[in-house]
$ cat coords16.txt   # compact mmCIF, C-alpha atoms
# COMPACT_ATOMS: atom_id res chain seq x y z
CA MET A 1 15.39 -32.61 28.31
CA ASN A 2 19.06 -32.49 27.36
CA THR A 3 21.46 -30.87 29.77
CA ALA A 4 23.77 -28.36 28.13
CA THR A 5 26.63 -26.02 28.94
CA GLU A 6 27.41 -22.59 27.53
CA ALA A 7 30.85 -22.51 25.91
CA ASN A 8 32.67 -19.29 25.07
CA PHE A 9 34.85 -19.20 21.95
CA ASP A 10 37.21 -16.23 22.01
CA GLY A 11 38.96 -14.79 19.00
CA LEU A 12 42.73 -15.06 19.12
CA VAL A 13 44.21 -11.65 18.30
CA GLY A 14 46.09 -11.73 14.99
CA PRO A 15 49.68 -10.65 14.30
CA THR A 16 48.62 -7.46 12.46
CA HIS A 17 46.62 -5.99 15.36
CA ASN A 18 46.86 -2.23 14.82
CA TYR A 19 45.06 1.06 15.50
CA SER A 20 43.89 2.57 12.23
CA GLY A 21 40.61 4.16 13.31
CA LEU A 22 38.54 2.21 10.81
CA SER A 23 35.26 1.89 12.71
CA PHE A 24 33.12 5.01 12.29
CA GLY A 25 30.69 5.06 15.21
CA ASN A 26 33.10 3.28 17.57
CA VAL A 27 34.47 6.07 19.77
CA ALA A 28 37.44 4.13 21.16
CA SER A 29 38.52 3.04 17.69
CA LEU A 30 38.40 6.60 16.39
CA ASN A 31 40.09 8.15 19.43
CA ASN A 32 43.11 5.83 19.31
CA SER A 33 43.71 6.04 15.57
CA ALA A 34 47.38 5.95 14.51
CA ARG A 35 48.75 5.01 17.92
CA PRO A 36 51.31 2.19 17.90
CA SER A 37 49.87 -1.17 18.93
CA ASN A 38 51.39 -4.20 20.63
CA PRO A 39 50.13 -7.37 18.89
CA LYS A 40 52.05 -9.66 21.24
CA ALA A 41 50.54 -8.07 24.36
CA ALA A 42 47.07 -8.09 22.79
CA ALA A 43 47.23 -11.81 22.03
CA LYS A 44 48.56 -12.64 25.50
CA GLN A 45 45.91 -10.53 27.23
CA GLY A 46 43.22 -12.46 25.37
CA LEU A 47 44.82 -15.82 26.14
CA THR A 48 45.09 -14.93 29.82
CA LYS A 49 41.34 -14.26 29.98
CA MET A 50 40.56 -17.50 28.15
CA LYS A 51 42.74 -19.56 30.46
CA ALA A 52 41.34 -17.90 33.58
CA LEU A 53 37.77 -18.76 32.57
CA ALA A 54 38.79 -22.33 31.71
CA ASP A 55 40.41 -22.60 35.15
CA MET A 56 37.14 -21.38 36.69
CA GLY A 57 35.41 -24.39 35.16
CA PHE A 58 33.85 -22.78 32.08
CA VAL A 59 34.12 -24.41 28.68
CA GLN A 60 36.46 -22.14 26.74
CA GLY A 61 37.40 -22.41 23.08
CA VAL A 62 39.64 -20.51 20.68
CA LEU A 63 38.82 -19.22 17.19
CA ALA A 64 41.80 -18.58 14.93
CA PRO A 65 42.59 -15.15 13.43
CA HIS A 66 42.36 -14.43 9.70
CA GLU A 67 45.07 -13.90 7.10
CA ARG A 68 46.09 -10.24 7.12
CA PRO A 69 46.97 -8.25 5.09
CA HIS A 70 44.34 -9.91 2.91
CA ILE A 71 45.98 -9.95 -0.50
CA PRO A 72 43.02 -11.66 -2.29
CA SER A 73 40.83 -8.63 -1.50
CA LEU A 74 43.44 -6.28 -2.96
CA ARG A 75 43.70 -8.37 -6.13
CA LYS A 76 39.92 -8.17 -6.52
CA LEU A 77 40.30 -4.39 -6.44
CA GLY A 78 42.76 -4.30 -9.34
CA PHE A 79 46.19 -4.50 -7.71
CA SER A 80 48.50 -6.99 -9.39
CA GLY A 81 52.02 -8.44 -9.44
CA THR A 82 53.77 -10.31 -6.67
CA ASP A 83 52.40 -10.01 -3.14
CA ALA A 84 55.21 -7.55 -2.30
CA GLN A 85 54.34 -5.46 -5.39
CA VAL A 86 50.67 -5.44 -4.44
CA LEU A 87 51.55 -4.16 -0.97
CA GLN A 88 53.81 -1.49 -2.45
CA GLN A 89 51.11 -0.32 -4.86
CA VAL A 90 48.31 -0.10 -2.30
CA ALA A 91 50.55 1.59 0.28
CA LYS A 92 51.33 4.30 -2.26
CA GLN A 93 47.90 4.67 -3.86
CA ALA A 94 45.45 3.86 -1.07
CA PRO A 95 47.05 3.57 2.39
CA LYS A 96 43.72 3.48 4.22
CA LEU A 97 42.71 0.53 2.05
CA LEU A 98 45.87 -1.25 3.16
CA ALA A 99 44.92 -0.54 6.78
CA ALA A 100 41.46 -1.99 6.15
CA VAL A 101 42.71 -5.29 4.70
CA SER A 102 45.24 -5.54 7.55
CA SER A 103 42.77 -5.12 10.41
CA ALA A 104 42.75 -7.81 13.10
CA SER A 105 39.08 -7.07 13.82
CA CYS A 106 38.10 -10.75 13.51
CA MET A 107 39.34 -11.05 17.13
CA TRP A 108 35.90 -9.74 18.12
CA THR A 109 34.02 -12.97 17.61
CA ALA A 110 30.80 -11.57 19.06
CA ASN A 111 30.48 -10.34 15.47
CA ALA A 112 31.52 -13.65 13.91
CA ALA A 113 28.08 -15.21 13.74
CA THR A 114 24.67 -15.69 15.28
CA VAL A 115 24.29 -19.07 16.99
CA SER A 116 21.05 -20.89 17.83
CA PRO A 117 21.45 -23.91 20.13
CA SER A 118 19.85 -27.25 19.36
CA GLY A 119 17.25 -26.74 22.10
CA ASP A 120 15.77 -23.91 20.03
CA THR A 121 15.94 -25.24 16.46
CA GLN A 122 13.42 -27.38 14.61
CA ASP A 123 15.99 -29.91 13.38
CA GLY A 124 17.70 -30.26 16.77
CA ARG A 125 21.11 -29.04 15.56
CA VAL A 126 23.21 -26.03 16.53
CA HIS A 127 22.91 -23.44 13.74
CA PHE A 128 25.60 -20.94 12.76
CA SER A 129 25.12 -17.93 10.45
CA PRO A 130 28.31 -15.92 9.84
CA ALA A 131 27.62 -12.18 10.00
CA ASN A 132 28.07 -10.25 6.75
CA LEU A 133 29.28 -7.11 8.63
CA VAL A 134 28.49 -5.17 5.49
CA ASN A 135 28.59 -1.74 7.14
CA LYS A 136 32.41 -1.69 7.39
CA PHE A 137 34.61 -2.78 4.48
CA HIS A 138 37.37 -4.11 6.71
CA ARG A 139 34.87 -6.43 8.38
CA SER A 140 32.80 -7.28 5.31
CA ILE A 141 35.69 -9.39 3.98
CA GLU A 142 35.62 -11.68 7.04
CA HIS A 143 32.60 -13.94 6.65
CA GLU A 144 34.01 -16.52 4.22
CA THR A 145 37.04 -17.28 6.39
CA THR A 146 34.89 -17.07 9.52
CA GLY A 147 32.60 -19.71 8.05
CA ALA A 148 35.56 -21.96 7.21
CA ILE A 149 36.98 -21.64 10.74
CA LEU A 150 33.58 -22.34 12.31
CA GLN A 151 33.19 -25.44 10.16
CA ALA A 152 36.69 -26.60 11.11
CA THR A 153 35.78 -26.12 14.78
CA PHE A 154 32.22 -27.48 14.72
CA ARG A 155 32.65 -30.02 11.93
CA ASP A 156 30.11 -32.76 12.65
CA ASP A 157 27.05 -32.15 10.46
CA LYS A 158 25.01 -34.52 12.63
CA HIS A 159 25.15 -31.90 15.37
CA PHE A 160 25.99 -28.62 13.59
CA ALA A 161 24.40 -26.73 10.68
CA HIS A 162 26.41 -24.03 8.91
CA HIS A 163 24.80 -21.33 6.78
CA SER A 164 26.36 -18.79 4.47
CA ALA A 165 26.20 -15.09 5.33
CA LEU A 166 23.13 -13.07 4.41
CA PRO A 167 23.27 -10.96 1.21
CA SER A 168 25.95 -8.29 1.55
CA VAL A 169 23.70 -5.25 1.26
CA ASP A 170 22.67 -2.67 3.85
CA HIS A 171 19.08 -3.95 3.89
CA PHE A 172 20.34 -7.16 5.51
CA GLY A 173 23.18 -5.68 7.57
CA ASP A 174 24.04 -8.35 10.12
CA GLU A 175 26.46 -7.79 13.04
CA GLY A 176 26.04 -11.24 14.56
CA ALA A 177 25.84 -12.10 18.25
CA ALA A 178 26.75 -8.56 19.34
CA ASN A 179 23.05 -7.85 18.78
CA HIS A 180 21.70 -11.23 19.91
CA THR A 181 21.11 -12.70 23.37
CA ARG A 182 19.51 -15.94 24.48
CA PHE A 183 17.47 -16.30 27.66
CA CYS A 184 16.57 -19.69 29.09
CA HIS A 185 15.86 -21.63 32.29
CA GLY A 186 18.65 -24.07 31.48
CA TYR A 187 20.98 -24.04 28.47
CA GLY A 188 19.53 -27.32 27.20
CA GLU A 189 15.92 -26.14 27.36
CA LYS A 190 14.04 -24.24 24.69
CA GLY A 191 14.96 -20.59 25.12
CA ILE A 192 14.02 -17.09 24.05
CA GLU A 193 16.21 -15.61 21.31
CA PHE A 194 16.39 -11.85 21.68
CA PHE A 195 17.35 -9.94 18.52
CA VAL A 196 18.21 -6.24 18.75
CA TYR A 197 18.34 -4.10 15.61
CA GLY A 198 19.33 -0.55 14.77
CA MET A 199 16.80 0.20 12.05
CA GLU A 200 14.11 -1.16 9.75
CA ALA A 201 15.73 -1.12 6.31
CA PHE A 202 12.50 -1.24 4.28
CA ASN A 203 10.67 1.35 6.38
CA MET A 204 12.18 4.76 5.78
CA ASN A 205 9.70 6.39 8.15
CA ALA A 206 10.79 4.31 11.15
CA PRO A 207 13.22 5.82 13.68
CA ARG A 208 16.94 5.53 12.95
CA PRO A 209 20.11 7.29 14.13
CA GLU A 210 21.21 10.52 12.47
CA LYS A 211 24.96 10.72 13.17
CA PHE A 212 26.34 7.18 13.18
CA PRO A 213 25.12 4.21 11.14
CA ALA A 214 22.64 1.64 12.35
CA ARG A 215 24.64 -1.40 11.35
CA HIS A 216 22.07 -4.10 12.04
CA THR A 217 18.59 -4.32 10.52
CA LEU A 218 15.35 -5.90 11.66
CA GLU A 219 15.18 -7.68 8.33
CA ALA A 220 18.54 -9.39 8.97
CA SER A 221 17.39 -10.65 12.36
CA GLN A 222 14.15 -11.98 10.91
CA ALA A 223 16.06 -13.80 8.17
CA VAL A 224 18.42 -15.45 10.67
CA ALA A 225 15.49 -16.54 12.83
CA ARG A 226 13.80 -18.13 9.78
CA ARG A 227 16.89 -19.98 8.55
CA HIS A 228 17.66 -21.29 12.05
CA GLY A 229 14.18 -22.76 12.32
CA LEU A 230 13.02 -20.71 15.31
CA THR A 231 9.33 -20.53 16.19
CA PRO A 232 7.64 -17.13 16.59
CA ASP A 233 6.79 -17.71 20.26
CA GLN A 234 10.47 -17.98 21.18
CA VAL A 235 11.71 -14.88 19.33
CA VAL A 236 11.62 -11.29 20.60
CA TYR A 237 12.76 -8.28 18.56
CA ALA A 238 13.65 -4.89 20.04
CA GLN A 239 15.06 -1.72 18.51
CA GLN A 240 18.15 -0.11 19.95
CA ASN A 241 17.72 3.52 20.96
CA PRO A 242 18.90 5.62 17.98
CA ALA A 243 20.14 8.31 20.39
CA VAL A 244 22.61 5.94 22.06
CA ILE A 245 23.86 4.75 18.66
CA ASP A 246 24.59 8.39 17.88
CA ALA A 247 26.40 8.64 21.23
CA GLY A 248 28.76 5.82 20.20
CA VAL A 249 26.91 2.65 21.21
CA PHE A 250 27.48 0.88 17.90
CA HIS A 251 26.26 -2.57 19.06
CA ASN A 252 23.70 -3.62 21.65
CA ASP A 253 26.43 -5.45 23.60
CA VAL A 254 27.92 -2.06 24.49
CA ILE A 255 24.75 -1.15 26.44
CA ALA A 256 23.18 -4.51 27.44
CA VAL A 257 24.10 -8.12 28.22
CA GLY A 258 21.98 -11.12 29.12
CA ASN A 259 22.31 -14.70 30.30
CA ARG A 260 19.78 -17.36 31.30
CA ASN A 261 17.17 -15.54 33.44
CA ALA A 262 18.95 -12.18 33.73
CA HIS A 263 18.85 -9.15 31.43
CA PHE A 264 21.34 -6.47 32.49
CA TYR A 265 20.84 -3.26 30.51
CA HIS A 266 20.99 0.52 30.66
CA GLN A 267 17.89 2.65 31.07
CA GLU A 268 18.47 4.28 27.67
CA ALA A 269 19.46 1.14 25.74
CA PHE A 270 16.17 0.55 23.88
CA LEU A 271 13.80 2.70 21.89
CA ASP A 272 10.79 1.32 23.77
CA THR A 273 11.94 -0.12 27.09
CA ALA A 274 8.45 -0.88 28.36
CA LYS A 275 7.61 -2.94 25.26
CA MET A 276 10.95 -4.75 25.43
CA LYS A 277 10.29 -5.78 29.03
CA GLN A 278 6.71 -6.84 28.35
CA ASP A 279 7.65 -8.86 25.27
CA LEU A 280 10.40 -10.72 27.16
CA LEU A 281 8.18 -11.45 30.16
CA THR A 282 5.38 -12.67 27.88
CA ALA A 283 7.77 -14.98 26.05
CA TRP A 284 9.18 -16.20 29.38
CA GLY A 285 5.71 -17.36 30.41
CA ASP A 286 4.24 -18.45 33.72
CA ARG A 287 7.50 -18.25 35.65
CA ALA A 288 7.92 -14.51 34.96
CA SER A 289 8.80 -13.85 38.59
CA GLU A 290 12.04 -15.78 38.02
CA PHE A 291 13.16 -13.44 35.22
CA HIS A 292 15.49 -10.66 36.39
CA LEU A 293 15.32 -7.30 34.61
CA ILE A 294 18.34 -5.38 35.94
CA GLU A 295 18.01 -1.82 34.65
CA VAL A 296 20.89 0.57 35.33
CA PRO A 297 19.55 4.13 35.72
CA THR A 298 21.18 7.05 33.97
CA ALA A 299 21.36 8.81 37.32
CA SER A 300 23.81 6.14 38.51
CA VAL A 301 25.77 5.49 35.31
CA SER A 302 25.60 7.77 32.28
CA VAL A 303 25.67 6.53 28.70
CA GLN A 304 29.12 8.12 28.36
CA ASP A 305 30.31 6.16 31.40
CA CYS A 306 29.03 3.00 29.71
CA ILE A 307 30.99 3.80 26.56
CA GLN A 308 34.15 4.81 28.41
CA SER A 309 34.17 1.78 30.71
CA TYR A 310 32.43 -0.86 28.57
CA LEU A 311 30.39 -1.84 31.61
CA PHE A 312 27.90 -3.80 29.51
CA ASN A 313 30.47 -5.21 27.10
CA SER A 314 31.08 -7.77 29.79
CA GLN A 315 30.58 -11.51 30.04
CA LEU A 316 27.70 -12.62 32.23
CA LEU A 317 28.42 -16.24 33.14
CA SER A 318 26.46 -18.78 35.19
CA ARG A 319 28.16 -20.87 37.85
CA GLY A 320 24.83 -22.32 38.99
CA ASP A 321 21.22 -21.33 39.48
CA ASN A 322 21.04 -17.65 40.48
CA ASP A 323 24.83 -17.49 40.77
CA MET A 324 26.45 -15.39 38.06
CA VAL A 325 29.81 -13.73 37.64
CA LEU A 326 30.33 -10.59 35.56
CA VAL A 327 33.65 -10.41 33.68
CA VAL A 328 34.57 -6.76 33.05
CA PRO A 329 37.56 -4.85 31.66
CA GLY A 330 39.88 -2.90 33.95
CA GLU A 331 38.34 0.34 32.69
CA CYS A 332 35.27 -0.40 34.85
CA GLU A 333 37.39 -0.37 37.99
CA ASN A 334 38.89 2.97 36.92
CA ASN A 335 35.51 4.66 36.46
CA SER A 336 34.22 5.76 39.88
CA ALA A 337 30.52 5.80 38.94
CA VAL A 338 30.67 2.39 37.28
CA TRP A 339 32.70 0.80 40.06
CA ALA A 340 30.38 2.16 42.73
CA TYR A 341 27.40 0.77 40.85
CA LEU A 342 29.00 -2.66 40.43
CA ASN A 343 29.78 -2.85 44.15
CA SER A 344 26.17 -2.04 44.98
CA LEU A 345 24.96 -4.59 42.43
CA VAL A 346 27.00 -7.43 43.94
CA ALA A 347 25.85 -6.46 47.43
CA GLY A 348 22.20 -6.51 46.33
CA LYS A 349 19.72 -9.28 45.51
CA SER A 350 20.39 -9.84 41.80
CA PRO A 351 21.85 -13.14 40.50
CA ILE A 352 25.15 -11.29 39.83
CA ASN A 353 27.24 -12.21 42.85
CA GLU A 354 30.80 -11.45 41.75
CA VAL A 355 32.76 -9.18 39.40
CA LYS A 356 36.01 -10.35 37.79
CA VAL A 357 38.31 -7.71 36.30
CA PHE A 358 40.69 -8.37 33.38
CA ASP A 359 43.32 -6.22 31.67
CA LEU A 360 42.30 -6.05 28.00
CA LYS A 361 43.76 -2.65 27.25
CA GLN A 362 44.99 -3.53 23.73
CA SER A 363 41.54 -4.69 22.66
CA MET A 364 39.75 -1.93 24.56
CA SER A 365 41.86 0.73 22.84
CA ASN A 366 40.50 -0.53 19.52
CA GLY A 367 36.91 -0.61 20.76
CA GLY A 368 36.31 -4.15 22.01
CA GLY A 369 35.88 -5.51 25.54
CA PRO A 370 35.32 -8.98 27.04
CA ALA A 371 31.95 -9.54 25.34
CA CYS A 372 33.31 -8.49 21.94
CA LEU A 373 36.02 -11.13 22.21
CA ARG A 374 33.72 -14.13 22.63
CA LEU A 375 31.06 -16.09 20.77
CA ARG A 376 28.64 -18.00 23.01
CA VAL A 377 27.61 -21.53 22.01
CA ALA A 378 25.29 -23.62 24.19
CA LEU A 379 26.19 -27.29 23.76
CA THR A 380 24.84 -30.61 24.97
CA ASP A 381 27.33 -33.22 26.17
CA ALA A 382 27.20 -34.99 22.79
CA GLU A 383 27.73 -31.71 20.91
CA GLN A 384 30.63 -30.77 23.14
CA LYS A 385 32.29 -34.10 22.38
CA ALA A 386 31.83 -33.43 18.65
CA ILE A 387 33.89 -30.19 18.75
CA ASN A 388 37.39 -30.22 17.31
CA PRO A 389 39.24 -30.90 20.61
CA SER A 390 42.31 -28.97 19.50
CA THR A 391 40.33 -25.74 19.75
CA LEU A 392 39.45 -26.12 23.44
CA MET A 393 41.50 -24.23 26.02
CA ASN A 394 43.51 -26.26 28.52
CA ASP A 395 46.99 -26.14 30.07
CA VAL A 396 48.66 -27.65 27.00
CA LEU A 397 46.98 -25.40 24.44
CA PHE A 398 47.59 -22.31 26.58
CA GLU A 399 51.32 -23.04 26.73
CA ARG A 400 51.53 -23.89 23.02
CA LEU A 401 49.71 -20.72 21.97
CA ASN A 402 51.80 -18.48 24.21
CA THR A 403 54.97 -20.03 22.79
CA TRP A 404 53.55 -19.55 19.30
CA VAL A 405 52.80 -15.87 19.99
CA ASP A 406 56.31 -15.30 21.35
CA ALA A 407 57.79 -16.81 18.21
CA HIS A 408 55.72 -14.93 15.63
CA TYR A 409 54.31 -11.66 16.99
CA ARG A 410 55.84 -8.20 17.10
CA ASP A 411 55.64 -6.13 20.26
CA GLU A 412 55.13 -2.84 18.41
CA LEU A 413 53.29 -2.13 15.18
CA HIS A 414 52.70 1.20 13.43
CA GLU A 415 50.28 1.75 10.56
CA ALA A 416 53.25 2.31 8.21
CA ASP A 417 54.53 -1.20 9.03
CA LEU A 418 51.55 -2.75 7.24
CA ALA A 419 53.29 -2.19 3.89
CA ASP A 420 56.26 -4.32 4.95
CA PRO A 421 56.23 -7.57 2.91
CA GLN A 422 58.03 -9.25 5.79
CA LEU A 423 54.97 -8.71 8.01
CA LEU A 424 52.85 -10.64 5.51
CA ILE A 425 55.39 -13.47 5.48
CA GLU A 426 55.50 -13.51 9.29
CA SER A 427 51.72 -13.58 9.49
CA ARG A 428 51.34 -16.40 6.99
CA ASN A 429 54.05 -18.48 8.65
CA ALA A 430 52.32 -17.98 11.99
CA LEU A 431 48.90 -18.95 10.68
CA ASP A 432 50.23 -21.97 8.81
CA GLU A 433 51.70 -23.26 12.07
CA LEU A 434 48.53 -22.37 13.97
CA THR A 435 46.34 -24.51 11.71
CA GLN A 436 48.51 -27.47 12.66
CA ILE A 437 48.36 -26.67 16.39
CA MET A 438 44.56 -26.38 16.23
CA ASP A 439 43.98 -29.08 13.58
CA LEU A 440 42.02 -26.73 11.33
CA GLY A 441 43.14 -27.90 7.91
CA SER A 442 43.62 -25.43 5.06
CA VAL A 443 41.19 -22.68 6.11
CA TYR A 444 43.23 -19.84 4.58
CA GLU A 445 43.42 -18.99 0.89
CA PHE A 446 47.21 -18.85 0.88
CA GLN A 447 47.27 -22.51 1.94
CA ARG A 448 45.28 -23.72 -1.05
$ encode --input "coords16.txt" --output "structure tokens"
Amino acid sequence: MNTATEANFDGLVGPTHNYSGLSFGNVASLNNSARPSNPKAAAKQGLTKMKALADMGFVQGVLAPHERPHIPSLRKLGFSGTDAQVLQQVAKQAPKLLAAVSSASCMWTANAATVSPSGDTQDGRVHFSPANLVNKFHRSIEHETTGAILQATFRDDKHFAHHSALPSVDHFGDEGAANHTRFCHGYGEKGIEFFVYGMEAFNMNAPRPEKFPARHTLEASQAVARRHGLTPDQVVYAQQNPAVIDAGVFHNDVIAVGNRNAHFYHQEAFLDTAKMKQDLLTAWGDRASEFHLIEVPTASVSVQDCIQSYLFNSQLLSRGDNDMVLVVPGECENNSAVWAYLNSLVAGKSPINEVKVFDLKQSMSNGGGPACLRLRVALTDAEQKAINPSTLMNDVLFERLNTWVDAHYRDELHEADLADPQLLIESRNALDELTQIMDLGSVYEFQR
């Protein structure tokens, strides 16, 4: 058996981070629409979390932001002329479209891809499938650049297999790792891949939400499992509760999180909780007594408290066997019901022994907490050595990226600023320099 470590790759917040209320179904995104943002603070808050986890001994990587505003998407939609003229036209004719192609939503790398470690796959490689994110236009334009950045980060085809995104249609709506969790005894062992979906696309009679969209389909999860070479005995599917989607729980990672032998979830998270538990325990096998099902009752923490605090949009990290730390946003500490529950959890007999609180207010105000900001990748020692080393967080990279942010990012951004051609120039200059810092090559279209 190969030993392996779970690495977390966080998205670096881009220079056009703004609040435009683009994500229907994401309550925080809608509630903070049109407020001024602070891209510099957002980037630094994310970097602080990355560095803190690296200092705690976790393997921490960085995924670069995308080019925004994305002029190639506007040209595909009929806008023409110089880049400045394109911005002027779209700002006048379709300002919400300009906001969409300027979104820094790629910072939430839990939606970047689904990852299957080599311990699970038939060919013994780590498999990556970029999410098509077809439900939201501003995110549906991400997967090509996401794929290029992933390939520039994990670029050894002996160890890593990269797939294209699934077809960009609602039937195969794929939101990536935000609806995917892996359970295992050890990260290098064969694990259980747990896929959560919002609806069955080809079964109109099956339950689905009525108010907000079910962004992820069963059919997408099944397709990813097939292409990654997973065997049926190691895959479990469960449907998210349509009622909590309608309450604002747009991804499973807003109401559940898992790691190794622990599944931490809300009582109302799944359509059929009993079946979910039985399927996971059956897949876990003879050592079922070692699997921890930590169910948070509604009587202790309401669904609205979950949404307001992002209790479950946390990182559940292993420091050793039955020793886990839960990384939560500051909003959890400010919610009395959630904070009381977390204190009782740590004092109890679960593997979760500590809670770490981080200030991620800029990201939280746009609807993304600690779990949204990271993509988990379990890696053997050989695979870890094959990663582009310039993407791994350490003292040198932390200092270089903070200096880079100070040089290129604004500390206040309004939606109207997105039409400023100078912002596009600033963003491209920043990203061009970043590709050199992180040794990514020409991953952006403006560089080619």
$ residues_around --input "coords16.txt" --residues "Lys49 of chain A" --least-positions-apart "4" --cutoff "12 Å" --atoms "all atoms listed in the file" --output "PyMOL selection string"
chain A and resi 8-12+42-45+53-56+58+60-62+315+327-329+356-360+369-371+373-374+393+398
$ write_last_selection --input "coords16.txt" --atoms "C-alpha atoms" --output "compact mmCIF listing (two decimals), keeping the file's coordinate frame"
# COMPACT_ATOMS: atom_id res chain seq x y z
CA ASN A 8 32.67 -19.29 25.07
CA PHE A 9 34.85 -19.20 21.95
CA ASP A 10 37.21 -16.23 22.01
CA GLY A 11 38.96 -14.79 19.00
CA LEU A 12 42.73 -15.06 19.12
CA ALA A 42 47.07 -8.09 22.79
CA ALA A 43 47.23 -11.81 22.03
CA LYS A 44 48.56 -12.64 25.50
CA GLN A 45 45.91 -10.53 27.23
CA LEU A 53 37.77 -18.76 32.57
CA ALA A 54 38.79 -22.33 31.71
CA ASP A 55 40.41 -22.60 35.15
CA MET A 56 37.14 -21.38 36.69
CA PHE A 58 33.85 -22.78 32.08
CA GLN A 60 36.46 -22.14 26.74
CA GLY A 61 37.40 -22.41 23.08
CA VAL A 62 39.64 -20.51 20.68
CA GLN A 315 30.58 -11.51 30.04
CA VAL A 327 33.65 -10.41 33.68
CA VAL A 328 34.57 -6.76 33.05
CA PRO A 329 37.56 -4.85 31.66
CA LYS A 356 36.01 -10.35 37.79
CA VAL A 357 38.31 -7.71 36.30
CA PHE A 358 40.69 -8.37 33.38
CA ASP A 359 43.32 -6.22 31.67
CA LEU A 360 42.30 -6.05 28.00
CA GLY A 369 35.88 -5.51 25.54
CA PRO A 370 35.32 -8.98 27.04
CA ALA A 371 31.95 -9.54 25.34
CA LEU A 373 36.02 -11.13 22.21
CA ARG A 374 33.72 -14.13 22.63
CA MET A 393 41.50 -24.23 26.02
CA PHE A 398 47.59 -22.31 26.58
$ atom_distance --input "coords16.txt" --atom1 "atom CA of Glu333 of chain A" --atom2 "atom CA of Phe250 of chain A"
22.4 Å
$ closest_residue --input "coords16.txt" --among "A:Val338, A:Val86, A:Ser73, A:Gly191" --to "Ser140 of chain A" --atoms "all atoms listed in the file"
A:Ser73
$ atom_distance --input "coords16.txt" --atom1 "atom CA of Gly441 of chain A" --atom2 "atom CA of Ala148 of chain A"
9.7 Å
$ closest_atom_pairs --input "coords16.txt" --of "segment 269-369 of chain A" --to "segment 37-41 of chain A" --cutoff "12 Å" --atoms "only C-alpha atoms" --output "JSON lines"
{"residue": "A:Asp359", "atom": "CA", "partner": "A:Ala41", "partner_atom": "CA", "distance": 10.4}
{"residue": "A:Leu360", "atom": "CA", "partner": "A:Ala41", "partner_atom": "CA", "distance": 9.2}
{"residue": "A:Lys361", "atom": "CA", "partner": "A:Ala41", "partner_atom": "CA", "distance": 9.1}
{"residue": "A:Gln362", "atom": "CA", "partner": "A:Asn38", "partner_atom": "CA", "distance": 7.1}
{"residue": "A:Ser363", "atom": "CA", "partner": "A:Pro39", "partner_atom": "CA", "distance": 9.8}
{"residue": "A:Met364", "atom": "CA", "partner": "A:Ser37", "partner_atom": "CA", "distance": 11.6}
{"residue": "A:Ser365", "atom": "CA", "partner": "A:Ser37", "partner_atom": "CA", "distance": 9.1}
{"residue": "A:Asn366", "atom": "CA", "partner": "A:Ser37", "partner_atom": "CA", "distance": 9.4}
$ residues_around --input "coords16.txt" --residues "segment 342-353 of chain A" --least-positions-apart "5" --cutoff "10 Å" --atoms "all atoms listed in the file" --output "PyMOL selection string"
chain A and resi 261-262+264+292-294+296+311+316-318+320-326+332-333+336-337
$ residues_around --input "coords16.txt" --residues "Ile192 of chain A" --least-positions-apart "2" --cutoff "7 Å" --atoms "only C-alpha atoms" --output "JSON, numbers by chain"
{"A": [182, 183, 184, 194, 234, 235, 283]}
$ closest_residue --input "coords16.txt" --among "A:His263, A:Arg68, A:His171, A:Arg319" --to "Val134 of chain A" --atoms "all atoms listed in the file"
A:His171
$ residues_around --input "coords16.txt" --residues "segment 213-227 of chain A" --least-positions-apart "2" --cutoff "7 Å" --atoms "all atoms listed in the file" --output "PDB file with C-alpha atoms, in the coordinates of the input"
ATOM      1  CA  GLY A  25      30.690   5.060  15.210  1.00  0.00           C
ATOM      2  CA  ASN A 135      28.590  -1.740   7.140  1.00  0.00           C
ATOM      3  CA  HIS A 171      19.080  -3.950   3.890  1.00  0.00           C
ATOM      4  CA  PHE A 172      20.340  -7.160   5.510  1.00  0.00           C
ATOM      5  CA  GLY A 173      23.180  -5.680   7.570  1.00  0.00           C
ATOM      6  CA  ASP A 174      24.040  -8.350  10.120  1.00  0.00           C
ATOM      7  CA  GLU A 175      26.460  -7.790  13.040  1.00  0.00           C
ATOM      8  CA  PHE A 195      17.350  -9.940  18.520  1.00  0.00           C
ATOM      9  CA  TYR A 197      18.340  -4.100  15.610  1.00  0.00           C
ATOM     10  CA  GLY A 198      19.330  -0.550  14.770  1.00  0.00           C
ATOM     11  CA  MET A 199      16.800   0.200  12.050  1.00  0.00           C
ATOM     12  CA  GLU A 200      14.110  -1.160   9.750  1.00  0.00           C
ATOM     13  CA  ALA A 201      15.730  -1.120   6.310  1.00  0.00           C
ATOM     14  CA  ARG A 208      16.940   5.530  12.950  1.00  0.00           C
ATOM     15  CA  PRO A 209      20.110   7.290  14.130  1.00  0.00           C
ATOM     16  CA  LYS A 211      24.960  10.720  13.170  1.00  0.00           C
ATOM     17  CA  GLY A 229      14.180 -22.760  12.320  1.00  0.00           C
ATOM     18  CA  LEU A 230      13.020 -20.710  15.310  1.00  0.00           C
TER      19      LEU A 230
END
$ residues_around --input "coords16.txt" --residues "Glu433 of chain A" --least-positions-apart "2" --cutoff "12 Å" --atoms "only C-alpha atoms" --output "ChimeraX atom specification"
/A:64,400-401,403-405,407-408,426-431,435-442,444,447
$ closest_residue --input "coords16.txt" --among "A:Asn132, A:Ser80, A:Thr153, A:Ser20" --to "Lys385 of chain A" --atoms "all atoms listed in the file"
A:Thr153
$ closest_residue --input "coords16.txt" --among "A:Gln151, A:Gln422, A:Asn388, A:Leu434" --to "Pro69 of chain A" --atoms "all atoms listed in the file"
A:Gln422
